[in-house]
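> The structure under discussion is supplied below as structure tokens; questions concerning it will follow.
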Amino acid sequence: MDGFLIAVLLVSALAMGGRDQWLVAQWADVLERSTALLAVAVLCACLSAGAMAWIGAEFAELLPRRAAQMLVAFALAIAAAELAFPVRVKSPQEPTRSLGAIAIVLLARQIGDGARFAVFALAAWTVVPLTAGLGGALGGAAAVAVGWSVGRETLARWPLRIVRLVLAGCLALAALFIGLNARFAAF
């Protein structure tokens with residue numbers, strides 16, 4: 001249960017202001033808040049969180065305990081680095097109305113973002129990675145739903161860059177402490 005709750009809170013916070021949320025906000029403005037767009041965005045959030053949870057759990061099973069802790073530290077460091085980079089999403093010149101194309105772009109954006117790397121780390125860390133995947137799916141779905149509901153103009157007024165930098169710093173500290181613990185902990 002802890003992995004689920006941590007994943008929900010962490011992913012919903014880390015995905016705020018992310019590339020996937022901005023894309024959904026832009027497409028929601030263009031497609032006039034289509035419920036099909038929301039369904040595709042939620043499905044993509046669930047698929048990407050599930051994939052990263054599965055991959056994280058599989059990697060953690062292959063490694064000894066301390067190496068798995070180091071894997072968690074590296075995943076959190078990658079998530080911190082991704083959060084620190086500024087999000088620059090170009091407005092679509094000729095937006096497609098193909099939900100399949102939208103799904104492919106969203107999945108590609110979500111698989112490599114900081115929120116999904118946090119799901120990877122939580123799945124590698126927890127005993128039951130299914131809960132981390134479910135929590136990550138719910139948190140990611142909440143983030144894209146916020147983007148869909150408020151649109152680009154409202155999202156642009158929020159101080160998301162500052163929030164993402166603070167979260168990047170927190171993740172970097174967590175990665176540092178987990179990595180040091182894995183390196184110097186007694187057997």
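Going by the structure tokens order, chains are called A, B, ..., each with residues numbered from 1, while ligands are numbered from 1 in the order shown.
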Would you pick out the contacts of A:Ala51 at 9 Å or less, using only C-alpha atoms, so that residues sharing its chain but fewer than 5 positions from it are not included, and give the list as JSON, numbers by chain?
{"A": [46, 56, 111, 116, 120, 133]}
> Keeping N, CA and C atoms for every residue in the selection just given, could you write it to a file as a compact mmCIF listing (two decimals), in the first residue's frame?

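Here's the written file out_35.txt:
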# COMPACT_ATOMS: atom_id res chain seq x y z
N CYS A 46 -1.51 5.13 -18.21
CA CYS A 46 -1.56 3.80 -17.59
C CYS A 46 -0.57 2.85 -18.23
N GLY A 56 11.18 -1.97 -14.18
CA GLY A 56 11.89 -1.75 -12.92
C GLY A 56 11.91 -2.99 -12.05
N ILE A 111 7.35 7.67 -21.70
CA ILE A 111 8.28 6.60 -21.35
C ILE A 111 9.60 7.17 -20.84
N ARG A 116 7.81 8.81 -14.95
CA ARG A 116 7.86 7.36 -15.21
C ARG A 116 9.16 6.76 -14.71
N PHE A 120 9.63 3.58 -12.23
CA PHE A 120 10.66 2.56 -12.39
C PHE A 120 11.40 2.35 -11.07
N GLY A 133 3.09 0.47 -9.98
CA GLY A 133 2.55 0.68 -11.33
C GLY A 133 1.14 1.24 -11.30
> If we count only C-alpha atoms and set the cut-off at 6 Å, which residues sit around A:Ala79, ignoring sequence neighbours fewer than 3 positions away in its own chain? Please answer as a list of chain:residue names.
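Result of the neighbour search: A:Leu76, A:Glu82, A:Gly114, A:Phe117.
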> Using only C-alpha atoms, which residues sit within 8 Å of A:Val89 once same-chain residues fewer than 4 positions away are excluded, as number ranges by chain?
A: 19, 22-23
> Just list as a ChimeraX atom specification whatever in stretch 62-168 of chain A DSSP marks as helix (DSSP H, G or I).
/A:62,65-84,99-111,114-125,129-157,160-168
> Counting only C-alpha atoms, which of A:Leu31, A:Ala73, A:Glu58, A:Val105 gets nearest to A:Asn181?
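The shortest atom-to-atom distance to A:Asn181 comes from A:Ala73.
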> Would you list the contacts of A:Gly151 as a VMD selection string, taking every protein, DNA or RNA residue within 10 Å and counting only C-alpha atoms, but skipping same-chain residues closer than 4 positions in sequence?
chain A and resid 21 to 30 32 to 33 145 to 147 155 to 156
> Any idea what the distance is between atom CA of A:Ala60 and atom CA of A:Ala124?
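Atom CA of A:Ala124 lies 5.0 Å from atom CA of A:Ala60.
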> When you count only C-alpha atoms, which of these residues is closest to A:Arg152: A:Val72, A:Asp20, A:Ala67, A:Leu62?
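Using only C-alpha atoms, the shortest distance to A:Arg152 belongs to A:Asp20.
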> Return the single residue from A:Gly169, A:Gly100, A:Pro129, A:Gly3 that is closest to A:Ala81, with distances computed using only C-alpha atoms.
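Among the listed residues, A:Gly169 lies closest to A:Ala81.
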> Which of these, A:Leu134, A:Ala121, A:Ile102, A:Leu160, has the shortest distance to A:Ala68 once you count only C-alpha atoms?
A:Ala121
